[in-house]
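Peer 1: Take a look at start_6.txt, compact mmCIF, C-alpha atoms:
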# COMPACT_ATOMS: atom_id res chain seq x y z
CA MET A 1 76.86 126.14 205.22
CA GLN A 2 76.85 124.03 202.13
CA CYS A 3 78.84 124.86 199.01
CA LYS A 4 78.58 122.74 195.91
CA LEU A 5 80.01 123.18 192.42
CA VAL A 6 77.67 121.58 189.94
CA PRO A 7 78.70 120.96 186.32
CA SER A 8 75.97 121.43 183.76
CA ILE A 9 75.27 122.38 180.16
CA CYS A 10 74.14 125.88 179.26
CA SER A 11 70.47 125.76 178.30
CA TYR A 12 70.42 129.03 176.42
CA CYS A 13 71.07 127.84 172.88
CA GLY A 14 71.89 124.63 171.08
CA THR A 15 75.69 124.99 171.22
CA GLY A 16 75.94 123.17 174.51
CA CYS A 17 78.66 125.00 176.44
CA GLY A 18 79.82 123.43 179.68
CA VAL A 19 79.07 125.55 182.73
CA LEU A 20 79.76 125.20 186.42
CA PHE A 21 77.22 126.46 188.92
CA GLU A 22 78.40 127.69 192.26
CA VAL A 23 75.64 126.72 194.72
CA ILE A 24 75.82 128.10 198.24
CA ASP A 25 73.11 127.00 200.69
CA GLY A 26 70.90 125.80 197.86
CA LYS A 27 71.07 129.05 195.89
CA ILE A 28 73.02 129.46 192.64
CA VAL A 29 75.26 132.44 193.26
CA SER A 30 77.43 132.37 190.17
CA THR A 31 78.05 130.67 186.83
CA LEU A 32 81.51 129.80 185.56
CA PRO A 33 82.63 128.33 182.24
CA MET A 34 84.02 124.80 182.44
CA LYS A 35 87.71 125.06 181.49
CA THR A 36 88.08 121.51 180.23
CA HIS A 37 84.80 121.29 178.34
CA PRO A 38 85.50 120.49 174.67
CA VAL A 39 82.75 122.80 173.35
CA ASN A 40 83.57 126.13 174.97
CA GLU A 41 87.10 125.60 176.38
CA GLY A 42 86.60 127.96 179.30
CA LYS A 43 84.74 130.69 177.46
CA LEU A 44 81.10 131.81 177.56
CA CYS A 45 78.87 134.47 176.04
CA ILE A 46 77.01 137.01 178.13
CA LYS A 47 73.89 134.83 178.28
CA GLY A 48 75.84 131.89 179.62
CA TRP A 49 77.63 134.03 182.20
CA ASN A 50 74.25 135.13 183.58
CA LEU A 51 72.42 131.80 183.84
CA HIS A 52 72.09 132.17 187.60
CA GLU A 53 70.28 135.47 187.07
CA HIS A 54 67.60 133.69 185.04
CA VAL A 55 67.16 131.04 187.71
CA ASN A 56 66.95 133.53 190.56
CA SER A 57 64.91 136.19 188.75
CA PHE A 58 61.73 137.24 190.51
CA LEU A 59 60.13 137.49 187.07
CA ARG A 60 60.63 133.78 186.46
CA LEU A 61 57.40 131.85 185.87
CA LYS A 62 57.02 129.08 188.40
CA GLN A 63 53.47 128.01 187.60
CA PRO A 64 51.21 128.13 184.51
CA LEU A 65 49.13 131.20 183.75
CA ILE A 66 45.79 131.12 181.97
CA LYS A 67 44.67 134.15 180.01
CA ALA A 68 41.11 135.01 180.94
CA PHE A 69 39.32 138.34 180.48
CA GLY A 70 42.51 139.85 179.03
CA ARG A 71 44.59 139.06 182.10
CA PHE A 72 46.91 136.26 183.09
CA ILE A 73 45.61 134.29 186.06
CA LYS A 74 47.69 131.78 188.01
CA ALA A 75 46.54 128.19 187.56
CA ASP A 76 47.72 124.69 188.42
CA TRP A 77 49.17 122.28 185.86
CA GLU A 78 46.10 120.01 185.76
CA GLU A 79 43.87 122.93 184.86
CA ALA A 80 46.29 124.40 182.29
CA ILE A 81 46.87 121.11 180.47
CA GLN A 82 43.14 120.36 180.42
CA LEU A 83 42.40 123.78 178.94
CA ALA A 84 45.12 123.40 176.28
CA ALA A 85 43.85 119.92 175.34
CA ASP A 86 40.24 121.13 175.08
CA ARG A 87 41.18 124.07 172.90
CA PHE A 88 43.37 121.90 170.63
CA ARG A 89 40.51 119.43 170.20
CA GLU A 90 38.13 122.25 169.39
CA ILE A 91 40.47 123.73 166.77
CA ILE A 92 41.24 120.35 165.17
CA GLU A 93 37.54 119.48 164.92
CA LYS A 94 36.66 122.81 163.43
CA TYR A 95 39.60 123.49 161.04
CA GLY A 96 41.42 120.14 160.72
CA PRO A 97 44.79 119.05 162.19
CA ASP A 98 46.83 121.21 159.80
CA ALA A 99 45.55 124.27 161.62
CA VAL A 100 48.04 123.36 164.38
CA GLY A 101 51.80 123.76 164.22
CA ILE A 102 54.48 122.69 166.69
CA LEU A 103 57.63 124.72 167.25
CA VAL A 104 60.51 122.87 168.85
CA SER A 105 63.70 124.32 170.24
CA ALA A 106 67.45 123.97 170.46
CA LYS A 107 67.18 124.53 174.17
CA ILE A 108 65.43 121.25 174.84
CA THR A 109 67.01 117.82 174.53
CA ASN A 110 67.07 115.59 171.48
CA GLU A 111 64.61 113.24 173.17
CA GLU A 112 62.21 116.05 173.99
CA ASN A 113 62.40 117.23 170.38
CA TYR A 114 61.62 113.69 169.24
CA LEU A 115 58.63 113.55 171.56
CA ALA A 116 57.39 116.92 170.29
CA GLN A 117 57.41 115.82 166.63
CA LYS A 118 55.81 112.50 167.63
CA PHE A 119 53.09 114.46 169.38
CA ALA A 120 52.56 116.57 166.25
CA ARG A 121 52.46 113.65 163.83
CA ALA A 122 50.82 110.86 165.84
CA VAL A 123 48.54 112.72 168.26
CA ILE A 124 47.59 115.89 166.42
CA GLY A 125 48.05 114.47 162.92
CA THR A 126 50.00 117.25 161.20
CA ASN A 127 53.42 117.61 159.60
CA ASN A 128 53.68 121.24 160.71
CA VAL A 129 56.83 120.86 162.78
CA ASP A 130 59.43 123.60 162.79
CA HIS A 131 62.34 124.85 164.79
CA CYS A 132 63.01 128.11 166.64
CA ALA A 133 66.33 128.53 164.82
CA ARG A 134 64.38 129.36 161.64
CA LEU A 135 62.86 132.47 163.22
CA MET B 1 98.98 116.80 201.92
CA ILE B 2 95.74 114.80 202.04
CA GLU B 3 96.44 113.67 205.62
CA LYS B 4 97.17 117.23 206.71
CA ILE B 5 93.90 118.54 205.21
CA LYS B 6 91.92 115.70 206.82
CA GLN B 7 93.53 116.59 210.14
CA TRP B 8 92.66 120.27 209.72
CA LEU B 9 89.03 119.44 208.96
CA GLN B 10 88.76 117.02 211.88
CA ASP B 11 90.38 119.38 214.36
CA GLY B 12 88.12 122.23 213.27
CA ILE B 13 91.05 124.38 212.16
CA ILE B 14 89.09 124.83 208.94
CA ASP B 15 85.38 124.27 208.23
CA VAL B 16 85.65 123.83 204.47
CA PHE B 17 88.49 123.14 202.07
CA LEU B 18 88.51 124.29 198.46
CA GLY B 19 90.44 122.06 196.11
CA TYR B 20 89.90 120.09 192.94
CA LYS B 21 88.31 116.73 192.26
CA MET B 22 87.70 114.71 189.10
CA VAL B 23 83.99 114.87 188.23
CA MET B 24 82.88 113.02 185.09
CA GLY B 25 86.38 113.25 183.65
CA HIS B 26 86.79 116.96 184.32
CA PRO B 27 89.03 118.41 187.02
CA LEU B 28 86.56 120.70 188.79
CA PRO B 29 86.78 122.77 191.95
CA HIS B 30 85.23 121.03 194.93
CA CYS B 31 84.34 122.06 198.44
CA PHE B 32 85.50 119.41 200.94
CA VAL B 33 83.80 119.30 204.36
CA LYS B 34 84.21 117.37 207.62
CA GLU B 35 80.91 115.49 207.17
CA LYS B 36 82.23 113.86 203.99
CA ILE B 37 85.85 113.53 205.00
CA GLU B 38 86.39 110.41 202.87
CA GLU B 39 86.09 112.63 199.78
CA VAL B 40 89.42 114.24 200.65
CA ASP B 41 91.11 111.09 199.30
CA ASP B 42 89.94 112.20 195.83
CA LEU B 43 91.59 115.61 196.17
CA ILE B 44 93.77 116.51 193.20
CA ILE B 45 95.78 119.61 192.39
CA GLY B 46 94.09 119.83 189.02
CA SER B 47 95.57 120.77 185.70
CA SER B 48 92.98 123.46 185.05
CA ARG B 49 92.76 126.60 187.05
CA TYR B 50 89.68 128.18 188.60
CA SER B 51 89.52 131.16 190.89
CA LEU B 52 89.14 129.35 194.22
CA GLU B 53 89.55 132.62 196.11
CA LYS B 54 86.50 134.04 194.35
CA ILE B 55 84.49 131.03 195.55
CA ALA B 56 85.94 131.70 199.02
CA THR B 57 84.68 135.29 198.95
CA HIS B 58 81.19 134.06 198.04
CA ILE B 59 81.27 131.55 200.91
CA SER B 60 82.47 134.13 203.40
CA ALA B 61 79.83 136.60 202.18
CA ALA B 62 77.20 133.98 203.10
CA LYS B 63 78.86 133.11 206.42
CA PRO B 64 81.51 135.62 207.54
CA ASP B 65 83.03 133.58 210.39
CA ILE B 66 83.63 130.40 208.42
CA LYS B 67 87.21 129.16 208.31
CA ILE B 68 88.26 128.34 204.77
CA GLY B 69 91.20 126.27 203.58
CA MET B 70 92.25 126.25 199.96
CA LEU B 71 94.87 125.10 197.51
CA ALA B 72 96.95 128.08 196.45
CA ARG B 73 99.19 128.51 193.46
CA ASP B 74 101.26 131.70 193.26
CA CYS B 75 98.47 133.54 191.46
CA ASN B 76 95.88 132.46 194.06
CA GLN B 77 98.20 133.73 196.78
CA ARG B 78 98.58 137.12 195.10
CA ALA B 79 94.81 137.35 194.64
CA LEU B 80 94.29 136.50 198.32
CA ASN B 81 96.66 139.30 199.32
CA VAL B 82 94.66 141.79 197.27
CA LEU B 83 91.37 140.48 198.71
CA TYR B 84 92.75 140.86 202.27
CA ILE B 85 93.76 144.46 201.53
CA TRP B 86 90.30 145.28 200.22
CA ASN B 87 88.53 143.56 203.14
CA GLN B 88 86.87 140.89 201.03
CA LEU B 89 88.39 138.09 203.08
CA ASN B 90 89.77 137.97 206.59
CA PRO B 91 93.33 136.58 206.61
CA ASP B 92 92.66 135.02 210.05
CA ASN B 93 89.96 132.84 208.50
CA VAL B 94 91.91 131.59 205.49
CA LYS B 95 94.50 128.84 205.52
CA THR B 96 96.33 127.87 202.36
CA VAL B 97 98.16 124.81 201.11
CA ASN B 98 100.72 126.03 198.61
CA VAL B 99 101.11 124.02 195.44
CA ASN B 100 103.23 124.11 192.35
CA CYS B 101 102.61 126.84 189.82
CA CYS B 102 102.99 127.37 186.08
CA PRO B 103 105.85 125.61 184.34
CA SER B 104 108.71 128.00 183.59
CA ASN B 105 112.40 128.01 182.76
CA LEU B 106 113.22 127.64 186.43
CA LYS B 107 110.57 125.05 187.18
CA GLU B 108 109.99 122.35 184.63
CA HIS B 109 107.12 120.67 186.35
CA GLY B 110 104.01 122.75 186.83
CA ASP B 111 100.42 122.01 187.83
CA CYS B 112 98.76 124.78 185.96
CA SER B 113 96.72 125.20 182.81
CA TYR B 114 98.45 128.43 181.97
CA ILE B 115 100.78 127.80 179.11
CA GLU B 116 102.14 130.59 176.95
CA PRO B 117 99.37 131.86 174.66
CA GLU B 118 99.35 130.47 171.16
CA THR B 119 101.28 132.28 168.45
CA PRO B 120 98.65 134.32 166.59
CA GLY B 121 97.71 133.74 162.97
CA ILE B 122 99.06 135.83 160.07
CA TYR B 123 96.20 138.35 159.99
CA LYS B 124 96.39 139.05 163.70
CA GLN B 125 100.17 139.44 163.42
CA GLN B 126 99.66 142.06 160.73
CA VAL B 127 96.87 144.14 162.23
CA GLY B 128 96.44 143.09 165.86
CA VAL B 129 98.41 142.72 169.05
CA ASP B 130 100.34 139.52 169.68
CA ASN B 131 99.15 137.87 172.93
CA THR B 132 102.65 136.54 173.56
CA HIS B 133 104.21 140.01 173.58
CA ARG B 134 105.40 141.94 176.59
CA PRO B 135 104.57 145.67 177.02
CA GLN B 136 108.02 146.69 175.74
CA ASP B 137 107.56 144.63 172.56
CA ILE B 138 104.42 146.46 171.51
CA GLU B 139 105.98 149.80 172.45
CA ARG B 140 108.47 149.37 169.61
CA CYS B 141 105.66 150.32 167.21
CA ASP B 142 104.99 154.04 166.80
CA GLN B 143 101.86 155.52 168.41
CA PRO B 144 99.45 155.55 165.43
CA GLU B 145 100.30 151.93 164.67
CA ARG B 146 99.84 150.93 168.30
CA LEU B 147 96.48 152.68 168.36
CA SER B 148 95.25 150.94 165.24
CA ARG B 149 96.46 147.55 166.49
CA TRP B 150 94.71 147.96 169.83
CA MET B 151 91.55 149.27 168.16
CA TYR B 152 91.49 146.12 166.01
CA GLU B 153 91.63 144.02 169.17
CA PHE B 154 88.98 146.02 171.03
CA GLN B 155 86.45 146.09 168.20
CA LYS B 156 86.29 142.28 168.34
CA CYS B 157 84.77 142.47 171.81
CA ILE B 158 81.35 140.80 172.18
CA LYS B 159 80.81 142.40 175.59
CA CYS B 160 80.39 139.10 177.40
CA TYR B 161 81.81 140.62 180.60
CA GLY B 162 83.80 137.39 180.94
CA CYS B 163 86.99 139.28 181.82
CA ARG B 164 85.23 140.96 184.72
CA ASN B 165 83.21 137.95 185.83
CA ILE B 166 86.16 135.59 186.03
CA CYS B 167 88.50 138.13 187.64
CA PRO B 168 89.40 137.07 191.20
CA VAL B 169 89.87 140.67 192.31
CA CYS B 170 86.67 142.10 190.76
CA PHE B 171 84.20 142.23 193.61
CA CYS B 172 82.46 145.64 193.42
CA GLN B 173 78.70 145.59 193.97
CA GLU B 174 78.30 148.35 191.42
CA CYS B 175 80.47 148.06 188.35
CA SER B 176 81.44 151.04 186.19
CA LEU B 177 81.15 148.82 183.13
CA GLU B 178 77.42 148.55 183.79
CA HIS B 179 76.99 152.26 184.41
CA LYS B 180 74.75 153.58 181.63
CA GLU B 181 76.42 156.97 181.53
CA LEU B 182 79.94 155.59 181.32
CA VAL B 183 79.36 152.74 178.92
CA GLY B 184 76.45 152.98 176.50
CA THR B 185 74.08 150.04 176.23
CA GLY B 186 72.58 148.23 173.27
CA ALA B 187 75.50 148.36 170.84
CA LEU B 188 78.19 145.92 169.80
CA PRO B 189 81.12 146.20 169.95
CA PRO B 190 80.83 148.19 173.19
CA GLU B 191 82.10 151.75 173.10
CA VAL B 192 85.61 151.25 171.77
CA PRO B 193 88.03 151.74 173.42
CA ILE B 194 86.32 153.19 176.52
CA PHE B 195 84.92 149.89 177.74
CA HIS B 196 88.36 148.30 177.90
CA LEU B 197 90.15 151.38 179.12
CA VAL B 198 87.70 151.83 182.01
CA ARG B 199 88.47 148.29 183.04
CA ALA B 200 92.20 148.75 182.51
CA VAL B 201 92.27 151.83 184.75
CA HIS B 202 90.44 149.91 187.46
CA MET B 203 93.00 147.14 187.20
CA ALA B 204 95.80 149.44 188.33
CA GLY B 205 96.94 148.17 191.71
CA ARG B 206 94.39 145.35 191.52
CA CYS B 207 95.46 143.05 188.70
CA ILE B 208 97.59 140.18 189.95
CA ASP B 209 98.52 138.97 186.45
CA CYS B 210 96.85 135.57 186.72
CA GLY B 211 95.76 135.57 183.07
CA LEU B 212 92.28 134.17 183.76
CA CYS B 213 90.69 137.07 181.83
CA GLU B 214 92.64 136.25 178.72
CA ASP B 215 91.78 132.55 179.15
CA ALA B 216 88.10 133.46 179.32
CA CYS B 217 88.06 135.93 176.43
CA PRO B 218 86.17 134.37 173.50
CA VAL B 219 87.91 136.69 170.99
CA ASP B 220 91.47 136.53 172.37
CA ILE B 221 91.99 140.18 173.23
CA PRO B 222 95.46 140.44 174.84
CA LEU B 223 94.05 141.68 178.15
CA ARG B 224 96.92 140.39 180.22
CA LEU B 225 99.35 142.50 178.22
CA LEU B 226 97.15 145.58 178.65
CA TYR B 227 96.91 145.17 182.43
CA ARG B 228 100.63 144.40 182.66
CA LYS B 229 101.30 147.82 181.13
CA VAL B 230 98.96 149.47 183.63
CA ASN B 231 100.68 147.75 186.53
CA GLU B 232 104.11 148.56 185.17
CA ILE B 233 103.15 152.20 185.72
CA VAL B 234 102.01 151.35 189.26
CA VAL B 235 105.39 149.76 190.00
CA ASN B 236 107.30 152.68 188.47
CA VAL B 237 105.35 155.37 190.26
CA PHE B 238 104.39 153.84 193.60
CA ASP B 239 106.91 151.00 193.90
CA TYR B 240 103.97 148.73 194.63
CA GLY B 241 103.98 145.17 193.31
CA THR B 242 100.29 144.26 193.34
CA GLY B 243 99.55 141.15 195.37
CA SER B 244 103.13 140.74 196.57
CA SER B 245 102.08 141.34 200.17
CA ALA B 246 98.96 141.92 202.25
CA ASP B 247 100.16 145.40 203.24
CA GLN B 248 98.00 148.37 202.41
CA SER B 249 97.74 149.31 198.76
CA PRO B 250 98.66 152.87 197.76
CA PHE B 251 95.20 153.00 196.14
CA SER B 252 93.28 152.05 199.25
CA ILE B 253 91.55 154.83 201.10
CA LEU B 254 90.51 152.45 203.84
CA GLY B 255 92.51 152.30 207.06
CA ASP B 256 94.16 154.86 209.29
CA LYS B 257 96.06 156.87 206.73
CA VAL B 258 96.12 157.41 203.02
CA THR B 259 99.38 156.26 201.51
CA LEU B 260 99.15 157.51 197.95
CA GLU B 261 102.80 158.43 197.75
CA PRO B 262 104.98 158.19 194.69
CA LYS B 263 108.15 156.19 194.80
CA PRO B 264 111.15 158.31 195.89
CA ILE B 265 113.23 157.97 192.74
CA GLN B 266 113.92 160.10 189.68
CA LEU B 267 111.28 159.34 187.10
CA PRO B 268 112.29 158.70 183.52
CA GLU B 269 111.26 161.77 181.54
CA THR B 270 110.82 159.87 178.32
CA ASP B 271 107.49 158.37 179.35
CA PRO B 272 104.95 161.23 179.43
CA CYS B 273 102.28 158.94 180.88
CA VAL B 274 104.25 158.18 184.02
CA VAL B 275 105.27 161.79 184.53
CA SER B 276 101.72 163.11 184.30
CA ILE B 277 100.46 160.60 186.87
CA ALA B 278 103.33 161.43 189.22
CA SER B 279 102.73 165.17 188.97
CA GLU B 280 99.05 164.68 189.77
CA ALA B 281 99.94 162.60 192.79
CA ASN B 282 102.24 165.34 194.06
Represent the structure contained in this file as structure tokens.
Peer 2:
Amino acid sequence: MQCKLVPSICSYCGTGCGVLFEVIDGKIVSTLPMKTHPVNEGKLCIKGWNLHEHVNSFLRLKQPLIKAFGRFIKADWEEAIQLAADRFREIIEKYGPDAVGILVSAKITNEENYLAQKFARAVIGTNNVDHCARL
Amino acid sequence: MIEKIKQWLQDGIIDVFLGYKMVMGHPLPHCFVKEKIEEVDDLIIGSSRYSLEKIATHISAAKPDIKIGMLARDCNQRALNVLYIWNQLNPDNVKTVNVNCCPSNLKEHGDCSYIEPETPGIYKQQVGVDNTHRPQDIERCDQPERLSRWMYEFQKCIKCYGCRNICPVCFCQECSLEHKELVGTGALPPEVPIFHLVRAVHMAGRCIDCGLCEDACPVDIPLRLLYRKVNEIVVNVFDYGTGSSADQSPFSILGDKVTLEPKPIQLPETDPCVVSIASEAN
């Protein structure tokens, strides 16, 4: 029997509430708000309270899916990334780089957001970068 | 205290010990085990309060025979008593180390995060319910005013279920608050005031007045005051102080006999609520 209490940051939105995961035998059984965290001071919204449900959900995607013949088919990462790269190249060659847009998110880290805009500007060659909070 | 806990772990009196430890500058609950006995030196009592007994119920659900030790303030002890009554924990498998509780007039030093709630702002004072009040304070208002004050508090609810999730004595597999026919889905605020009243009724004979629900409420609904009122009725009618002992609760239908008996005293006739409950019980 192993019981660990792991502090973390809620990944649901950009607020950054402190959460505490209760991990028993390698499985997250419950999420608690961190009482001393300066952002949420021991409070959470319903999404934060249910983080463990997202992690443990049987509907959670654990590998990439490729849409072929109108259906999603399980694929490995190599295959999925190759397909995405090929299609991007095809679109850029045919319609120009401004045919591509990149949407970043509050859920990912600052560094990941930086990388995403770098990818848009330096690799794809477009200024079409936007954020999910605008939706 | 640290030596005693180390001894318990080494002698196998307990398998795990639930206490607090500083992690990245935060006092967080921690599960101490024999394999990492040196960690016990970092054990602290912790200025913030988490429901260690709820963690204990999760551990014992995964492994029923495990022997659990834990730090216990007065509120933890009351919660443990309720959990023993409702068969969520086995008292033979739990060993507590009692520690200092909330600061009060009698006890200046306290190791607890629970301080009196803040004095509410002007608007809340005018239209809402003061979190620092006792049930008798709010009862000075007449009924329509009380209703409108409570409705103001309830309509702030964002239905985060935080009050239920943090509650040490909420353990039901199926919760009435998630029952589609009792509480409608898809609307905010949730059905006012049914959502809160369903919970309040379920807190009768369960709530141990730890105040964690009010701590966790993002919109500062005076939940502790509401449940205090409910339990005041329980004390008046059944003479049962929730959590004061591990004896059978008058609300429990488990065990050899049902003990739903009203307290043998003359009931005050001024409170219609108490009288109607007592007459139903008879």
Peer 1: If the cut-off is 9 Å, can you tell me the residues of chain B near chain A, counting only C-alpha atoms? I'd like them as an mmCIF file with C-alpha atoms, in the coordinates of the input.
Peer 2:
data_model
loop_
_atom_site.group_PDB
_atom_site.id
_atom_site.type_symbol
_atom_site.label_atom_id
_atom_site.label_comp_id
_atom_site.auth_asym_id
_atom_site.auth_seq_id
_atom_site.Cartn_x
_atom_site.Cartn_y
_atom_site.Cartn_z
ATOM 1 C CA VAL B 16 85.650 123.830 204.470
ATOM 2 C CA VAL B 23 83.990 114.870 188.230
ATOM 3 C CA HIS B 26 86.790 116.960 184.320
ATOM 4 C CA PRO B 27 89.030 118.410 187.020
ATOM 5 C CA LEU B 28 86.560 120.700 188.790
ATOM 6 C CA PRO B 29 86.780 122.770 191.950
ATOM 7 C CA HIS B 30 85.230 121.030 194.930
ATOM 8 C CA CYS B 31 84.340 122.060 198.440
ATOM 9 C CA PHE B 32 85.500 119.410 200.940
ATOM 10 C CA VAL B 33 83.800 119.300 204.360
ATOM 11 C CA SER B 48 92.980 123.460 185.050
ATOM 12 C CA ARG B 49 92.760 126.600 187.050
ATOM 13 C CA TYR B 50 89.680 128.180 188.600
ATOM 14 C CA ILE B 55 84.490 131.030 195.550
ATOM 15 C CA HIS B 58 81.190 134.060 198.040
ATOM 16 C CA ILE B 59 81.270 131.550 200.910
ATOM 17 C CA ALA B 62 77.200 133.980 203.100
ATOM 18 C CA LYS B 63 78.860 133.110 206.420
ATOM 19 C CA ILE B 66 83.630 130.400 208.420
ATOM 20 C CA ILE B 158 81.350 140.800 172.180
ATOM 21 C CA LYS B 159 80.810 142.400 175.590
ATOM 22 C CA CYS B 160 80.390 139.100 177.400
ATOM 23 C CA TYR B 161 81.810 140.620 180.600
ATOM 24 C CA GLY B 162 83.800 137.390 180.940
ATOM 25 C CA ASN B 165 83.210 137.950 185.830
ATOM 26 C CA ILE B 166 86.160 135.590 186.030
ATOM 27 C CA ASP B 215 91.780 132.550 179.150
ATOM 28 C CA ALA B 216 88.100 133.460 179.320
ATOM 29 C CA CYS B 217 88.060 135.930 176.430
ATOM 30 C CA PRO B 218 86.170 134.370 173.500
#
Peer 1: Kindly give the distance, in Å, that separates CA of Gly121 in chain B and CA of Arg149 in chain B, rounded to a single decimal.
Peer 2: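 CA of Arg149 in chain B lies at a distance of 14.3 Å from CA of Gly121 in chain B.
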Peer 1: With distances taken over all atoms listed in the file, which residue among A:Arg121, A:Lys107, A:Lys27, A:His131 lies nearest Thr15 in chain A?
Peer 2: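 Smallest separation from Thr15 in chain A among the options: A:Lys107.
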Peer 1: Nearest to Asp247 in chain B: which of B:Leu225, B:Val82, B:Val129, B:His196 is it, counting all atoms listed in the file?
Peer 2: B:Val82
Peer 1: For Val100 in chain A, which residue out of A:Glu112, A:Gln117, A:Gln82, A:Gly125 is the nearest one, using only C-alpha atoms?
Peer 2: A:Gly125
Peer 1: Using all atoms listed in the file for the distances, tell me which of B:Lys36, B:Arg73, B:His202, B:Arg164 is nearest to Val234 in chain B.
Peer 2: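 Result for the nearest residue to Val234 in chain B: B:His202.
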Peer 1: Report as a list in words all protein, DNA and RNA residues lying within 12 Å of Pro38 in chain A, evaluated on all atoms listed in the file, omitting residues in the same chain fewer than 6 positions from it.
Peer 2: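 In the requested format, the answer is Ile9, Thr15, Gly16, Cys17, Gly18 and Val19 of chain A; Gly25 and His26 of chain B.
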Peer 1: Report, in Å to a single decimal, how far apart CA of Lys54 in chain B and CA of Pro168 in chain B are.
Peer 2: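 Between CA of Pro168 in chain B and CA of Lys54 in chain B the gap works out to 5.2 Å.
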Peer 1: Mind checking which residues fall within 12 Å of Ile85 in chain B, counting only C-alpha atoms, ignoring those fewer than 3 positions away in the same chain, and posting them as a list in words?
Peer 2: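 Listing them by chain and then by number gives Arg78, Ala79, Leu80, Asn81, Val82, Gln88, Leu89, Asn90, Pro91, Val169, Gly205, Arg206, Thr242, Gly243, Ser244, Ser245, Ala246, Asp247, Gln248, Ser249, Pro250, Phe251, Ser252, Ile253, Leu254 and Gly255 of chain B.
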Peer 1: Neighbouring residues of range 83-90 of chain A were defined as those with any atom within 12 Å, considering all atoms listed in the file; residues of the same chain fewer than 3 positions away were excluded. Please report them as an NGL selection string.
Peer 2: :A and (64-68 or 75-80 or 93-102 or 120 or 123-125)
Peer 1: CA of Ile28 in chain A and CA of Asn56 in chain A, how far apart in Å?
Peer 2: 7.6 Å
Peer 1: Skip Val99 in chain B itself and residues of its chain fewer than 6 positions away, then list as an mmCIF file with C-alpha atoms, keeping the file's coordinate frame all residues within 9 Å of it, counting all atoms listed in the file.
Peer 2:
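Saved as selection-v2.cif:
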data_model
loop_
_atom_site.group_PDB
_atom_site.id
_atom_site.type_symbol
_atom_site.label_atom_id
_atom_site.label_comp_id
_atom_site.auth_asym_id
_atom_site.auth_seq_id
_atom_site.Cartn_x
_atom_site.Cartn_y
_atom_site.Cartn_z
ATOM 1 C CA ILE B 45 95.780 119.610 192.390
ATOM 2 C CA LEU B 71 94.870 125.100 197.510
ATOM 3 C CA ALA B 72 96.950 128.080 196.450
ATOM 4 C CA ARG B 73 99.190 128.510 193.460
ATOM 5 C CA ASP B 74 101.260 131.700 193.260
ATOM 6 C CA ASP B 111 100.420 122.010 187.830
#
Peer 1: Is there a way to complete range 95-103 of chain A with N, CA, C and O atoms and then write that out as a PDB file, keeping the file's coordinate frame?
Peer 2:
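part.pdb was written with the following content:
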ATOM      1  N   TYR A  95      38.786 123.107 162.214  1.00  0.00           N
ATOM      2  CA  TYR A  95      39.600 123.490 161.040  1.00  0.00           C
ATOM      3  C   TYR A  95      40.497 122.381 160.490  1.00  0.00           C
ATOM      4  O   TYR A  95      41.212 122.579 159.531  1.00  0.00           O
ATOM      5  N   GLY A  96      40.528 121.219 161.153  1.00  0.00           N
ATOM      6  CA  GLY A  96      41.420 120.140 160.720  1.00  0.00           C
ATOM      7  C   GLY A  96      42.772 120.218 161.398  1.00  0.00           C
ATOM      8  O   GLY A  96      43.168 121.294 161.869  1.00  0.00           O
ATOM      9  N   PRO A  97      43.512 119.096 161.440  1.00  0.00           N
ATOM     10  CA  PRO A  97      44.790 119.050 162.190  1.00  0.00           C
ATOM     11  C   PRO A  97      45.859 119.989 161.634  1.00  0.00           C
ATOM     12  O   PRO A  97      46.750 120.414 162.364  1.00  0.00           O
ATOM     13  N   ASP A  98      45.787 120.331 160.343  1.00  0.00           N
ATOM     14  CA  ASP A  98      46.830 121.210 159.800  1.00  0.00           C
ATOM     15  C   ASP A  98      46.707 122.656 160.258  1.00  0.00           C
ATOM     16  O   ASP A  98      47.515 123.511 159.892  1.00  0.00           O
ATOM     17  N   ALA A  99      45.679 122.924 161.047  1.00  0.00           N
ATOM     18  CA  ALA A  99      45.550 124.270 161.620  1.00  0.00           C
ATOM     19  C   ALA A  99      46.487 124.420 162.823  1.00  0.00           C
ATOM     20  O   ALA A  99      46.600 125.493 163.395  1.00  0.00           O
ATOM     21  N   VAL A 100      47.151 123.325 163.204  1.00  0.00           N
ATOM     22  CA  VAL A 100      48.040 123.360 164.380  1.00  0.00           C
ATOM     23  C   VAL A 100      49.486 123.202 163.914  1.00  0.00           C
ATOM     24  O   VAL A 100      49.762 122.449 162.981  1.00  0.00           O
ATOM     25  N   GLY A 101      50.373 123.937 164.502  1.00  0.00           N
ATOM     26  CA  GLY A 101      51.800 123.760 164.220  1.00  0.00           C
ATOM     27  C   GLY A 101      52.565 123.599 165.519  1.00  0.00           C
ATOM     28  O   GLY A 101      52.150 124.124 166.557  1.00  0.00           O
ATOM     29  N   ILE A 102      53.670 122.880 165.472  1.00  0.00           N
ATOM     30  CA  ILE A 102      54.480 122.690 166.690  1.00  0.00           C
ATOM     31  C   ILE A 102      55.863 123.286 166.437  1.00  0.00           C
ATOM     32  O   ILE A 102      56.505 122.982 165.435  1.00  0.00           O
ATOM     33  N   LEU A 103      56.281 124.142 167.339  1.00  0.00           N
ATOM     34  CA  LEU A 103      57.630 124.720 167.250  1.00  0.00           C
ATOM     35  C   LEU A 103      58.504 124.071 168.300  1.00  0.00           C
ATOM     36  O   LEU A 103      58.182 124.120 169.488  1.00  0.00           O
TER      37      LEU A 103
END
